[in-house]
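Notes for the one structure printed next.
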Amino acid sequence: MANEQSNSANPNVDLKYRRKKNAEEMKHQVITFVLMIFFTLLSFAAVGIEGFSHWFIKPVILLLAVIQVIFQLYYFMHMKHKGHGTIALFLFSGLAVGLITVLVFTTIVWL
Amino acid sequence: MQTDEKFTDATWPAAPEKATLEGKNKYLGFWLFLGGETVLFASLFATYLALKDKVPNGEAALAKDLFELPLTFVATMLLLTSSLTSVYAVYHMKNNHFKQMQAWFVITIALGFGFLGLEIYEFNHYVHEYHHTFTSSAFGSAFYTLVGFHGGHVAFGLMWFISLMVRNARRGLNLYNAPKFYIASLYWHFIDVVWVFIFTVVYLMGMVG
C-alpha cells in the first residue's frame with residue numbers, strides 16, 4: 001500500500017521506494033481510466049448501433065455504469081485502501097436509502 | 001507535525017492528506033457528506049424516473065426527441081478525462097511536486113469549464129428549439145432539477161478548485177493545504193460518479209425509449 005511509511009532510518013531509501021510505489025499506483029489508475037472509457041464506448045455503441053432490443057440495452061448499460069462507478073470509487077477515490085470501513089458504511093447507507101427511494105418512486109408511487 | 005512546516009521530498013509524509021488529525025477528520029467528515037449527497041441525488045433520480053415523459057399534450061418533446069448522442073458523448077469524455085487529470089494532480093501532491101500538481105489541476109479546471117459550457121449550450125438549445133423548459137411539464141421540471149443540480153455541483157467544484165489554487169498559489173505544499181486539495185479532488189470524482197448514472201439513466205436510456 002502506497003500510503004504507509006516505512007521505518008527506515010535513512011529517509012532517502014524510503015523516498016525511492018515510495019516514489020516507485022506511487023508510480024505503480026498511478027499506472028493502475030491509468031489502466032482503470034482506460035477500462036472506464038472502454039465501458040463508456042460500449043454503452044454509447046449499444047445505443048447508437050441500431051438493431052438491439054431495449055430489453056437488452058437497458059440492463060447492459062446499467063451494469064456497465066455500475067462497474068464504472070465501482071472503479072471510480074475503489075481506485076480513483078481510494079476505497080480499496082485499508083482503513084475505509086467507516087467510509088464504506090457512510091456510502092453504502094446512503095446508497096441503501098437512495099436505492100429504496102428509486103424503487104418506491106418507480107413502482108408504487110402513483111402519479 | 002507542524003502544519004505550516006516546510007517539507008523536503010524525503011520528509012514529506014506518504015499520505016499528506018491524512019498526516020494531521022485535522023486532515024483525518026476532514027476525510028471522514030467529507031465521506032459522511034458524500035453519503036448524504038448520494039441520498040440527495042438518488043431522490044432526484046427517483047423523481048426523474050417517475051416523471052419521465054409526463055407531458056401535458058402530444059406536441060411537447062419527449063426524452064427521445066430531445067437527447068442527442070454526440071453532445072452527450074463529448075460531455076462524458078470531458079468529465080471522465082478531468083477525473084483522471086485530478087488523479088494525476090493528487091499523484092504529484094503525494095510526491096511533493098507542487099508545480100506539477102498545479103498544472104494538472106489547471107487542466108482539470110479547463111475540462112470542467114468545457115463540460116459546463118456544453119451543458120449551458122444544451123439547455124439553451126432545448127429551451128429555444130423544443131420549448132422544453134422548467135415549467136413546461138413535470139418531465140421538464142424533473143429533468144432540469146436533476147441535470148441542473150449536477151451542473152451546479154460542477155460549477156461549485158470549479159469555484160472550489162479555483163479558490164484553493166489562488167489562495168495557495170505561492171504557499172507551496174504543506175500539511176495545511178494538502179488535505180484541502182485532496183478533498184476537493186474527492187468531490188470532483190463524486191461529481192463524475194453522478195454523471196456516469198446521468199448519462200446512462202437519463203440520456204442513453206432516454207434515447208432508447
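Note on naming: chains are A, B, ... as they come in the C-alpha cells, residues start from 1 per chain, ligands start from 1 in the order shown.
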Which neighbours of segment 162-178 of chain B fall inside 10 Å, counting only C-alpha atoms, when residues of the same chain fewer than 3 positions from it are skipped, and could you give them as a ChimeraX atom specification?
-> /B:1-7,12-13,15-20,22-23,90,93-94,96-99,101-102,105-106,109,156-159,181-184
If we count only C-alpha atoms, which residues of chain B reach to within 6 Å of chain A? Please list them as an MDAnalysis selection string.
-> chainID B and resid 10 14:15 31:32 35 38:39 42 46 50 193
Using DSSP on the backbone coordinates, identify all residues within segment 51-167 of chain B classified as alpha helix (DSSP H); present the result as a PyMOL selection string.
-> chain B and resi 51+63-66+69-94+98-130+138-167
Include C-alpha atoms and write out the residues we just selected as a compact mmCIF listing (two decimals), in the first residue's frame.
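File produced: selection17.txt:
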```txt
# COMPACT_ATOMS: atom_id res chain seq x y z
CA LEU B 51 -41.92 11.86 -14.11
CA ALA B 63 -36.84 12.31 -23.97
CA LYS B 64 -36.23 10.51 -27.26
CA ASP B 65 -36.90 13.71 -29.26
CA LEU B 66 -34.53 15.82 -27.17
CA LEU B 69 -25.71 11.03 -28.81
CA PRO B 70 -22.72 13.19 -29.94
CA LEU B 71 -23.22 16.02 -27.44
CA THR B 72 -23.66 13.63 -24.50
CA PHE B 73 -20.62 11.69 -25.66
CA VAL B 74 -18.33 14.71 -25.79
CA ALA B 75 -19.56 15.94 -22.38
CA THR B 76 -18.95 12.48 -20.89
CA MET B 77 -15.42 12.29 -22.30
CA LEU B 78 -14.58 15.76 -20.93
CA LEU B 79 -15.75 14.90 -17.43
CA LEU B 80 -14.19 11.41 -17.36
CA THR B 81 -10.85 12.81 -18.52
CA SER B 82 -11.00 15.56 -15.92
CA SER B 83 -11.37 12.83 -13.31
CA LEU B 84 -8.09 11.26 -14.48
CA THR B 85 -6.27 14.60 -14.57
CA SER B 86 -7.22 15.24 -10.94
CA VAL B 87 -5.83 11.78 -10.09
CA TYR B 88 -2.56 12.94 -11.69
CA ALA B 89 -2.68 16.10 -9.57
CA VAL B 90 -3.03 14.06 -6.36
CA TYR B 91 -0.23 11.75 -7.55
CA HIS B 92 2.10 14.75 -7.80
CA MET B 93 0.87 16.04 -4.45
CA LYS B 94 1.95 12.77 -2.85
CA PHE B 98 3.75 21.43 -6.23
CA LYS B 99 4.16 22.85 -9.75
CA GLN B 100 3.03 19.65 -11.48
CA MET B 101 0.08 19.38 -9.13
CA GLN B 102 -0.97 22.91 -10.04
CA ALA B 103 -0.59 22.17 -13.74
CA TRP B 104 -2.83 19.10 -13.58
CA PHE B 105 -5.46 20.96 -11.56
CA VAL B 106 -5.45 23.71 -14.19
CA ILE B 107 -6.15 21.08 -16.87
CA THR B 108 -8.92 19.63 -14.67
CA ILE B 109 -10.49 23.07 -14.30
CA ALA B 110 -10.30 23.69 -18.05
CA LEU B 111 -12.03 20.38 -18.81
CA GLY B 112 -14.67 21.18 -16.18
CA PHE B 113 -15.39 24.51 -17.86
CA GLY B 114 -15.68 22.70 -21.19
CA PHE B 115 -18.30 20.40 -19.71
CA LEU B 116 -20.21 23.28 -18.15
CA GLY B 117 -20.17 25.19 -21.45
CA LEU B 118 -21.67 22.21 -23.28
CA GLU B 119 -24.39 21.90 -20.65
CA ILE B 120 -25.32 25.56 -20.96
CA TYR B 121 -25.45 25.19 -24.76
CA GLU B 122 -27.61 22.07 -24.36
CA PHE B 123 -30.16 23.66 -22.01
CA ASN B 124 -30.34 26.74 -24.21
CA HIS B 125 -30.94 24.51 -27.22
CA TYR B 126 -33.80 22.61 -25.50
CA VAL B 127 -35.48 25.80 -24.36
CA HIS B 128 -35.34 27.56 -27.73
CA GLU B 129 -35.72 24.68 -30.19
CA TYR B 130 -38.12 22.43 -28.29
CA ALA B 138 -43.44 17.68 -15.00
CA PHE B 139 -40.85 16.00 -17.22
CA GLY B 140 -39.11 19.35 -17.75
CA SER B 141 -39.05 20.16 -14.02
CA ALA B 142 -37.64 16.76 -13.10
CA PHE B 143 -35.05 16.86 -15.91
CA TYR B 144 -33.72 20.34 -15.17
CA THR B 145 -33.67 19.71 -11.43
CA LEU B 146 -31.60 16.53 -11.75
CA VAL B 147 -29.20 17.58 -14.51
CA GLY B 148 -29.10 21.18 -13.28
CA PHE B 149 -28.21 20.09 -9.77
CA HIS B 150 -25.33 18.12 -11.19
CA GLY B 151 -24.27 21.11 -13.29
CA GLY B 152 -24.47 23.22 -10.13
CA HIS B 153 -22.13 20.77 -8.44
CA VAL B 154 -19.70 21.09 -11.33
CA ALA B 155 -19.82 24.89 -11.07
CA PHE B 156 -19.29 24.72 -7.32
CA GLY B 157 -16.39 22.27 -7.75
CA LEU B 158 -14.73 24.63 -10.23
CA MET B 159 -15.09 27.56 -7.82
CA TRP B 160 -13.63 25.37 -5.09
CA PHE B 161 -10.60 24.39 -7.18
CA ILE B 162 -10.00 27.96 -8.32
CA SER B 163 -10.22 29.39 -4.79
CA LEU B 164 -7.79 26.75 -3.49
CA MET B 165 -5.36 27.38 -6.34
CA VAL B 166 -5.41 31.16 -5.95
CA ARG B 167 -5.28 31.03 -2.19
```
Figure out the distance between atom CA of Lys82 of chain A and atom CA of Phe41 of chain B, please, to one decimal in Å.
-> 27.3 Å
